>>> print(open('input14.pdb').read())   # PDB, C-alpha atoms and all ligand atoms
MODEL        1
ATOM      1  CA  MET K   1       8.220  -3.594  18.189
ATOM      2  CA  ASN K   2       7.693  -6.559  15.924
ATOM      3  CA  ARG K   3       6.206  -5.520  12.597
ATOM      4  CA  ILE K   4       5.920  -8.398  10.107
ATOM      5  CA  PRO K   5       7.260  -7.354   6.693
ATOM      6  CA  PHE K   6       4.508  -6.776   4.167
ATOM      7  CA  ILE K   7       5.070  -6.972   0.414
ATOM      8  CA  ALA K   8       2.083  -5.901  -1.665
ATOM      9  CA  GLY K   9       1.612  -5.942  -5.432
ATOM     10  CA  ASN K  10      -0.599  -3.384  -7.115
ATOM     11  CA  TRP K  11      -1.580  -4.807 -10.484
ATOM     12  CA  LYS K  12      -3.306  -1.555 -11.553
ATOM     13  CA  MET K  13      -5.249  -1.889 -14.852
ATOM     14  CA  TYR K  14      -3.263  -4.886 -16.100
ATOM     15  CA  LYS K  15      -4.229  -8.518 -16.759
ATOM     16  CA  THR K  16      -7.549 -10.028 -17.866
ATOM     17  CA  GLY K  17      -9.265 -12.503 -15.528
ATOM     18  CA  PRO K  18      -7.501 -15.594 -16.959
ATOM     19  CA  GLU K  19      -4.128 -13.797 -17.021
ATOM     20  CA  ALA K  20      -4.563 -12.705 -13.416
ATOM     21  CA  VAL K  21      -5.499 -16.226 -12.314
ATOM     22  CA  ASP K  22      -2.453 -17.711 -14.063
ATOM     23  CA  ALA K  23      -0.092 -15.199 -12.484
ATOM     24  CA  ALA K  24      -1.671 -15.587  -9.042
ATOM     25  CA  LYS K  25      -1.414 -19.394  -9.158
ATOM     26  CA  LYS K  26       2.199 -19.201 -10.194
ATOM     27  CA  LEU K  27       2.980 -16.684  -7.478
ATOM     28  CA  ALA K  28       1.242 -18.783  -4.826
ATOM     29  CA  SER K  29       3.347 -21.806  -5.717
ATOM     30  CA  LEU K  30       6.549 -19.736  -5.673
ATOM     31  CA  CYS K  31       5.616 -18.380  -2.237
ATOM     32  CA  SER K  32       5.119 -21.700  -0.496
ATOM     33  CA  ASP K  33       8.491 -21.540   1.291
ATOM     34  CA  VAL K  34       8.398 -17.835   2.199
ATOM     35  CA  LYS K  35       8.637 -17.222   5.909
ATOM     36  CA  ASP K  36       7.624 -14.235   7.991
ATOM     37  CA  VAL K  37       6.519 -12.049   5.115
ATOM     38  CA  GLU K  38       2.914 -11.102   4.503
ATOM     39  CA  ILE K  39       2.090 -11.144   0.793
ATOM     40  CA  MET K  40      -0.783  -9.413  -0.968
ATOM     41  CA  ILE K  41      -1.791  -8.783  -4.568
ATOM     42  CA  ALA K  42      -4.396  -6.285  -5.719
ATOM     43  CA  PRO K  43      -5.841  -7.235  -9.130
ATOM     44  CA  THR K  44      -8.670  -5.352 -10.884
ATOM     45  CA  PHE K  45     -12.177  -5.614  -9.460
ATOM     46  CA  LEU K  46     -13.140  -8.042 -12.236
ATOM     47  CA  SER K  47     -10.336 -10.445 -11.361
ATOM     48  CA  LEU K  48     -10.595 -10.053  -7.589
ATOM     49  CA  PRO K  49     -13.070 -12.894  -6.853
ATOM     50  CA  LEU K  50     -11.292 -15.244  -9.282
ATOM     51  CA  VAL K  51      -7.853 -14.495  -7.883
ATOM     52  CA  SER K  52      -9.080 -14.635  -4.272
ATOM     53  CA  ALA K  53     -10.565 -18.075  -4.887
ATOM     54  CA  CYS K  54      -7.454 -19.457  -6.545
ATOM     55  CA  VAL K  55      -5.041 -18.294  -3.810
ATOM     56  CA  GLN K  56      -7.237 -19.388  -0.929
ATOM     57  CA  GLY K  57      -5.274 -21.445   1.577
ATOM     58  CA  THR K  58      -1.915 -20.203   0.210
ATOM     59  CA  ARG K  59       0.462 -17.525   1.518
ATOM     60  CA  VAL K  60      -0.990 -14.962  -0.898
ATOM     61  CA  LYS K  61      -3.737 -12.615   0.224
ATOM     62  CA  THR K  62      -5.744 -10.297  -1.985
ATOM     63  CA  GLY K  63      -6.831  -6.696  -1.946
ATOM     64  CA  ALA K  64      -8.814  -4.242  -4.043
ATOM     65  CA  GLN K  65      -7.292  -1.102  -5.537
ATOM     66  CA  ASN K  66     -10.117   1.217  -4.481
ATOM     67  CA  LEU K  67     -13.655   1.255  -3.103
ATOM     68  CA  TYR K  68     -16.620   3.574  -2.919
ATOM     69  CA  PHE K  69     -17.604   4.685   0.570
ATOM     70  CA  GLU K  70     -21.388   4.259   0.330
ATOM     71  CA  LYS K  71     -22.815   0.924   1.410
ATOM     72  CA  GLU K  72     -24.936   0.443  -1.723
ATOM     73  CA  GLY K  73     -27.197   2.444  -4.001
ATOM     74  CA  ALA K  74     -27.473   4.224  -7.310
ATOM     75  CA  PHE K  75     -23.750   4.858  -7.840
ATOM     76  CA  THR K  76     -23.139   3.569 -11.346
ATOM     77  CA  GLY K  77     -19.737   2.042 -11.851
ATOM     78  CA  GLU K  78     -18.783   1.893  -8.183
ATOM     79  CA  VAL K  79     -17.995  -1.013  -5.833
ATOM     80  CA  SER K  80     -18.605  -1.026  -2.074
ATOM     81  CA  ALA K  81     -16.421  -2.266   0.767
ATOM     82  CA  ASP K  82     -18.884  -5.073   1.584
ATOM     83  CA  MET K  83     -18.761  -6.262  -2.029
ATOM     84  CA  ILE K  84     -14.968  -6.334  -1.912
ATOM     85  CA  LYS K  85     -15.009  -8.268   1.325
ATOM     86  CA  ALA K  86     -17.522 -10.735  -0.132
ATOM     87  CA  ALA K  87     -15.219 -11.215  -3.131
ATOM     88  CA  GLY K  88     -12.625 -12.675  -0.768
ATOM     89  CA  ALA K  89     -10.308  -9.707  -0.298
ATOM     90  CA  GLU K  90      -8.649  -8.883   2.988
ATOM     91  CA  TYR K  91      -7.056  -5.566   1.991
ATOM     92  CA  VAL K  92      -7.888  -2.436   0.026
ATOM     93  CA  LEU K  93      -5.619   0.317  -1.291
ATOM     94  CA  ILE K  94      -6.954   3.770  -0.547
ATOM     95  CA  GLY K  95      -5.797   7.115  -1.892
ATOM     96  CA  HIS K  96      -3.281   5.803  -4.422
ATOM     97  CA  SER K  97      -1.691   8.753  -6.203
ATOM     98  CA  GLU K  98      -3.193   7.659  -9.532
ATOM     99  CA  ARG K  99      -6.644   7.898  -7.939
ATOM    100  CA  ARG K 100      -5.760  11.326  -6.561
ATOM    101  CA  GLN K 101      -4.278  12.488  -9.882
ATOM    102  CA  TYR K 102      -6.789  11.121 -12.419
ATOM    103  CA  PHE K 103     -10.005  10.423 -10.510
ATOM    104  CA  GLY K 104     -10.432  13.350  -8.163
ATOM    105  CA  GLU K 105      -9.592  11.512  -4.931
ATOM    106  CA  THR K 106      -9.169  13.982  -2.068
ATOM    107  CA  ASP K 107      -8.157  13.614   1.568
ATOM    108  CA  GLU K 108     -11.861  13.959   2.422
ATOM    109  CA  THR K 109     -12.929  11.046   0.196
ATOM    110  CA  VAL K 110      -9.938   9.076   1.454
ATOM    111  CA  CYS K 111     -11.188   9.568   5.007
ATOM    112  CA  LYS K 112     -14.694   8.340   4.113
ATOM    113  CA  LYS K 113     -13.252   5.356   2.247
ATOM    114  CA  LEU K 114     -11.109   4.406   5.226
ATOM    115  CA  ARG K 115     -14.178   4.439   7.436
ATOM    116  CA  ALA K 116     -16.098   2.255   4.981
ATOM    117  CA  ALA K 117     -13.180  -0.163   4.737
ATOM    118  CA  PHE K 118     -12.865  -0.614   8.501
ATOM    119  CA  HIS K 119     -16.621  -0.932   8.828
ATOM    120  CA  ALA K 120     -16.610  -3.828   6.351
ATOM    121  CA  GLY K 121     -13.687  -5.518   8.111
ATOM    122  CA  LEU K 122     -11.165  -4.758   5.360
ATOM    123  CA  LYS K 123      -7.572  -3.752   6.128
ATOM    124  CA  PRO K 124      -6.808  -0.516   4.308
ATOM    125  CA  VAL K 125      -3.441   0.528   2.916
ATOM    126  CA  LEU K 126      -3.475   4.320   2.945
ATOM    127  CA  CYS K 127      -1.240   5.673   0.170
ATOM    128  CA  ILE K 128       0.384   9.070   0.549
ATOM    129  CA  GLY K 129       3.211  10.893  -1.175
ATOM    130  CA  GLU K 130       4.437  14.212  -2.502
ATOM    131  CA  THR K 131       4.700  15.268  -6.134
ATOM    132  CA  GLU K 132       7.989  16.356  -7.680
ATOM    133  CA  VAL K 133       6.929  20.018  -7.477
ATOM    134  CA  GLU K 134       6.092  19.678  -3.789
ATOM    135  CA  ARG K 135       9.488  18.105  -3.123
ATOM    136  CA  ASP K 136      11.281  20.807  -5.115
ATOM    137  CA  GLN K 137       9.434  23.451  -3.107
ATOM    138  CA  GLU K 138      10.432  21.701   0.115
ATOM    139  CA  LYS K 139       6.812  20.931   0.900
ATOM    140  CA  THR K 140       7.237  17.167   1.309
ATOM    141  CA  PHE K 141       6.551  17.021   5.034
ATOM    142  CA  GLN K 142       3.751  19.563   4.818
ATOM    143  CA  THR K 143       2.045  17.479   2.101
ATOM    144  CA  LEU K 144       2.406  14.224   4.016
ATOM    145  CA  ASP K 145       1.235  15.867   7.205
ATOM    146  CA  LYS K 146      -1.953  17.048   5.519
ATOM    147  CA  GLN K 147      -2.604  13.704   3.814
ATOM    148  CA  VAL K 148      -2.235  11.838   7.105
ATOM    149  CA  SER K 149      -4.069  14.353   9.275
ATOM    150  CA  ASP K 150      -7.016  14.887   6.929
ATOM    151  CA  GLY K 151      -7.149  11.275   5.759
ATOM    152  CA  LEU K 152      -7.319  10.036   9.340
ATOM    153  CA  LYS K 153      -9.491  12.874  10.644
ATOM    154  CA  GLY K 154     -11.849  11.815  13.407
ATOM    155  CA  PHE K 155     -10.264   8.403  13.938
ATOM    156  CA  VAL K 156      -8.942   7.149  17.261
ATOM    157  CA  SER K 157      -6.078   4.679  17.306
ATOM    158  CA  ASP K 158      -8.253   1.734  18.375
ATOM    159  CA  GLU K 159     -10.143   2.014  15.098
ATOM    160  CA  LEU K 160      -6.898   1.956  13.099
ATOM    161  CA  LYS K 161      -5.234  -1.199  14.297
ATOM    162  CA  ASP K 162      -5.467  -2.780  10.833
ATOM    163  CA  LEU K 163      -4.136   0.281   9.043
ATOM    164  CA  THR K 164      -1.025   0.157   6.874
ATOM    165  CA  LEU K 165       0.552   3.334   5.547
ATOM    166  CA  ALA K 166       2.326   3.394   2.170
ATOM    167  CA  TYR K 167       4.699   6.220   1.365
ATOM    168  CA  GLU K 168       4.919   6.561  -2.398
ATOM    169  CA  PRO K 169       6.618   9.668  -3.742
ATOM    170  CA  VAL K 170       4.602  10.431  -6.886
ATOM    171  CA  TRP K 171       7.753  11.190  -8.868
ATOM    172  CA  ALA K 172       9.076   7.683  -8.173
ATOM    173  CA  ILE K 173       5.974   5.761  -9.303
ATOM    174  CA  GLY K 174       6.420   3.950 -12.598
ATOM    175  CA  THR K 175       9.361   6.171 -13.491
ATOM    176  CA  GLY K 176      12.256   3.902 -12.574
ATOM    177  CA  LYS K 177      13.438   6.698 -10.242
ATOM    178  CA  THR K 178      13.584   5.302  -6.716
ATOM    179  CA  ALA K 179      13.913   7.700  -3.834
ATOM    180  CA  SER K 180      17.378   7.538  -2.265
ATOM    181  CA  THR K 181      17.793   5.627   0.971
ATOM    182  CA  THR K 182      18.417   8.941   2.728
ATOM    183  CA  GLN K 183      15.161  10.378   1.393
ATOM    184  CA  VAL K 184      13.177   7.256   2.316
ATOM    185  CA  ASP K 185      14.758   7.066   5.751
ATOM    186  CA  GLU K 186      14.015  10.715   6.463
ATOM    187  CA  VAL K 187      10.365  10.453   5.394
ATOM    188  CA  HIS K 188       9.675   7.161   7.172
ATOM    189  CA  GLN K 189      11.139   8.524  10.398
ATOM    190  CA  TYR K 190       8.994  11.608   9.961
ATOM    191  CA  LEU K 191       5.856   9.501   9.444
ATOM    192  CA  ARG K 192       6.656   7.332  12.452
ATOM    193  CA  SER K 193       6.923  10.410  14.637
ATOM    194  CA  LEU K 194       3.825  11.959  13.070
ATOM    195  CA  LEU K 195       1.774   8.865  14.010
ATOM    196  CA  SER K 196       3.242   9.035  17.465
ATOM    197  CA  ARG K 197       2.330  12.700  17.923
ATOM    198  CA  ARG K 198      -1.125  12.327  16.354
ATOM    199  CA  PHE K 199      -2.010   9.062  18.131
ATOM    200  CA  SER K 200       0.495   7.395  20.468
ATOM    201  CA  ALA K 201       3.985   5.931  20.524
ATOM    202  CA  ASP K 202       2.421   2.507  20.928
ATOM    203  CA  PHE K 203       0.235   2.930  17.843
ATOM    204  CA  SER K 204       3.120   4.312  15.844
ATOM    205  CA  GLY K 205       5.316   1.392  16.848
ATOM    206  CA  ARG K 206       2.705  -1.120  15.728
ATOM    207  CA  THR K 207       1.757   0.449  12.381
ATOM    208  CA  ARG K 208       3.508  -0.757   9.252
ATOM    209  CA  ILE K 209       4.833   1.845   6.844
ATOM    210  CA  LEU K 210       5.575   0.594   3.332
ATOM    211  CA  TYR K 211       7.664   2.270   0.678
ATOM    212  CA  GLY K 212       6.450   2.332  -2.946
ATOM    213  CA  GLY K 213       7.871   3.729  -6.161
ATOM    214  CA  SER K 214       9.984   1.716  -8.610
ATOM    215  CA  VAL K 215      10.767  -1.062  -6.140
ATOM    216  CA  LYS K 216      12.529  -3.927  -7.916
ATOM    217  CA  PRO K 217      14.600  -7.007  -7.021
ATOM    218  CA  GLU K 218      17.784  -4.925  -7.318
ATOM    219  CA  ASN K 219      16.841  -2.277  -4.748
ATOM    220  CA  VAL K 220      14.441  -4.031  -2.380
ATOM    221  CA  LYS K 221      17.011  -5.246   0.138
ATOM    222  CA  GLU K 222      18.544  -1.823   0.562
ATOM    223  CA  LEU K 223      15.092  -0.318   1.081
ATOM    224  CA  MET K 224      14.042  -3.047   3.517
ATOM    225  CA  ASN K 225      17.193  -2.437   5.538
ATOM    226  CA  ILE K 226      15.981   1.049   6.413
ATOM    227  CA  ARG K 227      14.787   0.902   9.994
ATOM    228  CA  ASP K 228      11.312   2.358   9.531
ATOM    229  CA  VAL K 229      10.528   0.620   6.235
ATOM    230  CA  ASP K 230       8.253  -2.350   6.944
ATOM    231  CA  GLY K 231       7.550  -3.474   3.413
ATOM    232  CA  ALA K 232       6.939  -2.421  -0.157
ATOM    233  CA  LEU K 233       4.031  -1.542  -2.399
ATOM    234  CA  VAL K 234       5.095  -2.688  -5.835
ATOM    235  CA  GLY K 235       3.513  -1.808  -9.182
ATOM    236  CA  GLY K 236       5.336  -2.756 -12.386
ATOM    237  CA  ALA K 237       7.650  -5.351 -10.847
ATOM    238  CA  SER K 238       4.732  -7.225  -9.243
ATOM    239  CA  LEU K 239       3.171  -8.192 -12.587
ATOM    240  CA  ASP K 240       5.662 -10.947 -13.331
ATOM    241  CA  PRO K 241       5.633 -13.640 -10.603
ATOM    242  CA  ASP K 242       9.281 -14.553 -11.286
ATOM    243  CA  LYS K 243      10.288 -10.970 -10.597
ATOM    244  CA  PHE K 244       7.867 -10.366  -7.757
ATOM    245  CA  ILE K 245       9.046 -13.432  -5.841
ATOM    246  CA  LYS K 246      12.543 -11.932  -5.746
ATOM    247  CA  ILE K 247      11.084  -8.871  -4.044
ATOM    248  CA  ILE K 248       9.060 -11.008  -1.638
ATOM    249  CA  LYS K 249      12.255 -12.933  -0.808
ATOM    250  CA  PHE K 250      14.133  -9.676  -0.289
ATOM    251  CA  TYR K 251      16.128 -11.264   2.516
ATOM    252  CA  LEU K 252      17.934 -13.429  -0.080
ATOM    253  CA  GLN K 253      18.959 -10.488  -2.293
ATOM    254  CA  GLU K 254      22.423  -8.963  -2.469
ATOM    255  CA  ILE K 255      22.737  -5.229  -1.949
TER
HETATM  256  P1  LIG N 301       5.780   1.152  -9.457
HETATM  257  O1  LIG N 301       4.335   1.512  -8.828
HETATM  258  O2  LIG N 301       6.359   0.065  -8.599
HETATM  259  O3  LIG N 301       5.474   0.686 -10.856
HETATM  260  O4  LIG N 301       6.583   2.400  -9.415
HETATM  261  C1  LIG N 301       4.148   1.599  -7.447
HETATM  262  C2  LIG N 301       2.692   1.894  -7.148
HETATM  263  O5  LIG N 301       2.035   2.596  -7.902
HETATM  264  O6  LIG N 301       2.162   1.428  -6.114
ENDMDL
END
>>> encode(input="input14.pdb", output="structure tokens")
Amino acid sequence: MNRIPFIAGNWKMYKTGPEAVDAAKKLASLCSDVKDVEIMIAPTFLSLPLVSACVQGTRVKTGAQNLYFEKEGAFTGEVSADMIKAAGAEYVLIGHSERRQYFGETDETVCKKLRAAFHAGLKPVLCIGETEVERDQEKTFQTLDKQVSDGLKGFVSDELKDLTLAYEPVWAIGTGKTASTTQVDEVHQYLRSLLSRRFSADFSGRTRILYGGSVKPENVKELMNIRDVDGALVGGASLDPDKFIKIIKFYLQEI
């Protein structure tokens, strides 16, 4: 099945509005000759409308890093899916491990956020991954199984056609430690079969599964060569457009 490669940059809590706009403009110009790769950057909420406006009509799409699942109301400090959509974003990251670790995100809130995202017409990127302790205790598959099953509870495959899954082992995020190709291959195959069992082979074959965790120009090609890896979710190495473009043009890299 034809799954278009998807390279997404998570800018986390980096860059002011003007810095984000500069980087986005530079990236958009570097991306003009990229073929057959979908490109997305997720700046902070404050920069999202600015960045979305400045990349409009280019190869670069935008996404938010989080949302709140209520439509509107007295929820100080929160941002709704409709507001994100109105800011010009197409995507939203949901359940990133930093949200789970520092901000109390659970599989239940993830599930509600996914529903809100789809309802607003956003394309969610559901982030999942095991901690180092869970891997050491051989609970990787069990953890991923729960995150997928509970995160997608109550959904039918028709509602999930714009879903992307991102496997990000927590121990590989921002640490410079990339999972080995064997580990990534094993997990991505597992996730592909999990989606097939939970939904259908057709749905599983259509759904993109990204890898995230210390992806850089030096390792992207090897990761992208793994059969069930359809793209990358990149943190640190997405902040510098000159570096990020090398990841986006993974097909030109040496192994
Ligand atoms: P990293 O972050 O590339 O800096 O490891 C990945 C992520 O958090 O999505």
>>> atom_distance(input="input14.pdb", atom1="CA of Gln65 (chain K)", atom2="CA of Ile245 (chain K)")
20.5 Å
>>> closest_atom_pairs(input="input14.pdb", of="region 109-185 of chain K", to="region 216-234 of chain K", cutoff="8 Å", atoms="all atoms listed in the file", output="JSON lines")
{"residue": "K:Ala166", "atom": "CA", "partner": "K:Leu233", "partner_atom": "CA", "distance": 6.9}
{"residue": "K:Thr181", "atom": "CA", "partner": "K:Leu223", "partner_atom": "CA", "distance": 6.5}
{"residue": "K:Val184", "atom": "CA", "partner": "K:Leu223", "partner_atom": "CA", "distance": 7.9}
{"residue": "K:Asp185", "atom": "CA", "partner": "K:Ile226", "partner_atom": "CA", "distance": 6.2}
>>> closest_residue(input="input14.pdb", among="K:Lys61, K:Lys243, K:Lys71, K:Arg208", to="Pro49 (chain K)", atoms="only C-alpha atoms")
K:Lys61
>>> closest_atom_pairs(input="input14.pdb", of="chain K", to="ligand LIG 301 (chain N)", cutoff="10 Å", atoms="all atoms listed in the file", output="tab-separated table")
residue	atom	partner	partner_atom	distance
K:Ala8	CA	N:LIG301	O6	8.6
K:Gly9	CA	N:LIG301	O6	7.4
K:Asn10	CA	N:LIG301	O6	5.6
K:Trp11	CA	N:LIG301	O6	8.5
K:Lys12	CA	N:LIG301	O5	7.7
K:Gln65	CA	N:LIG301	O6	9.8
K:Leu93	CA	N:LIG301	O6	9.2
K:His96	CA	N:LIG301	O5	7.1
K:Ser97	CA	N:LIG301	O5	7.4
K:Glu98	CA	N:LIG301	O5	7.5
K:Cys127	CA	N:LIG301	O6	8.3
K:Ala166	CA	N:LIG301	O6	8.5
K:Tyr167	CA	N:LIG301	O6	9.2
K:Glu168	CA	N:LIG301	O6	6.9
K:Pro169	CA	N:LIG301	C1	9.2
K:Val170	CA	N:LIG301	O5	8.3
K:Trp171	CA	N:LIG301	O4	8.9
K:Ala172	CA	N:LIG301	O4	6.0
K:Ile173	CA	N:LIG301	O4	3.4
K:Gly174	CA	N:LIG301	O4	3.5
K:Thr175	CA	N:LIG301	O4	6.2
K:Gly176	CA	N:LIG301	O4	6.7
K:Lys177	CA	N:LIG301	O4	8.1
K:Thr178	CA	N:LIG301	O4	8.0
K:Tyr211	CA	N:LIG301	O6	8.8
K:Gly212	CA	N:LIG301	C1	5.1
K:Gly213	CA	N:LIG301	O4	3.7
K:Ser214	CA	N:LIG301	O4	3.6
K:Val215	CA	N:LIG301	O2	5.2
K:Lys216	CA	N:LIG301	O2	7.4
K:Ala232	CA	N:LIG301	O6	8.6
K:Leu233	CA	N:LIG301	O6	5.1
K:Val234	CA	N:LIG301	O2	4.1
K:Gly235	CA	N:LIG301	O1	3.4
K:Gly236	CA	N:LIG301	O3	3.8
K:Ala237	CA	N:LIG301	O2	6.0
K:Ser238	CA	N:LIG301	O2	7.5
K:Leu239	CA	N:LIG301	O3	9.3
>>> residues_around(input="input14.pdb", residues="Val156 (chain K)", least_positions_apart="4", cutoff="12 Å", atoms="all atoms listed in the file", output="ChimeraX atom specification")
/K:115,149,152,160-161,163,195,198-200,203
>>> closest_residue(input="input14.pdb", among="K:Thr109, K:Asn66, K:Thr16, K:Thr131", to="Ala42 (chain K)", atoms="all atoms listed in the file")
K:Asn66
>>> resolve_selection(input="input14.pdb", expression="the PyMOL selection byres (((chain K and resi 69) around 9) and not hetatm)", output="PyMOL selection string")
chain K and resi 67-68+70-72+79-81+109-110+112-117
>>> atom_distance(input="input14.pdb", atom1="CA of Thr164 (chain K)", atom2="CA of Leu210 (chain K)")
7.5 Å
>>> resolve_selection(input="input14.pdb", expression="the PyMOL selection byres (((chain K and resi 39) around 9) and not hetatm)", output="list of chain:residue names")
K:Pro5, K:Phe6, K:Ile7, K:Ala8, K:Gly9, K:Cys31, K:Val37, K:Glu38, K:Met40, K:Ile41, K:Arg59, K:Val60, K:Lys61, K:Thr62, K:Ile248
>>> resolve_selection(input="input14.pdb", expression="the PyMOL selection byres (((chain K and resi 20) around 10) and not hetatm)", output="PyMOL selection string")
chain K and resi 11+14-19+21-26+43-44+46-48+50-51+239
>>> closest_residue(input="input14.pdb", among="K:Lys35, K:Lys246, K:Arg135, K:Arg206", to="Arg192 (chain K)", atoms="all atoms listed in the file")
K:Arg206
>>> closest_residue(input="input14.pdb", among="K:Val92, K:Leu252, K:Cys54, K:Leu165", to="Gly129 (chain K)", atoms="only C-alpha atoms")
K:Leu165
>>> atom_distance(input="input14.pdb", atom1="CA of Tyr190 (chain K)", atom2="CA of Thr207 (chain K)")
13.5 Å
>>> axis_aligned_box(input="input14.pdb", around="region 62-65 of chain K", padding_each_side="5 Å", output="AutoDock Vina command-line options")
--center_x -7.3 --center_y -5.7 --center_z -3.7 --size_x 13.1 --size_y 19.2 --size_z 13.6
>>> residues_around(input="input14.pdb", residues="Leu27 (chain K)", least_positions_apart="6", cutoff="9 Å", atoms="all atoms listed in the file", output="PDB file with C-alpha atoms, keeping the file's coordinate frame")
ATOM      1  CA  VAL K  55      -5.041 -18.294  -3.810  1.00  0.00           C
ATOM      2  CA  VAL K  60      -0.990 -14.962  -0.898  1.00  0.00           C
ATOM      3  CA  ASP K 240       5.662 -10.947 -13.331  1.00  0.00           C
ATOM      4  CA  PRO K 241       5.633 -13.640 -10.603  1.00  0.00           C
ATOM      5  CA  ASP K 242       9.281 -14.553 -11.286  1.00  0.00           C
ATOM      6  CA  PHE K 244       7.867 -10.366  -7.757  1.00  0.00           C
ATOM      7  CA  ILE K 245       9.046 -13.432  -5.841  1.00  0.00           C
TER       8      ILE K 245
END
>>> residues_near_point(input="input14.pdb", point="(-7.6, -4.2, 11.5)", cutoff="9 Å", atoms="all atoms listed in the file", output="list in words")
Phe118, Gly121, Leu122, Lys123, Pro124, Glu159, Leu160, Lys161, Asp162 and Leu163 of chain K
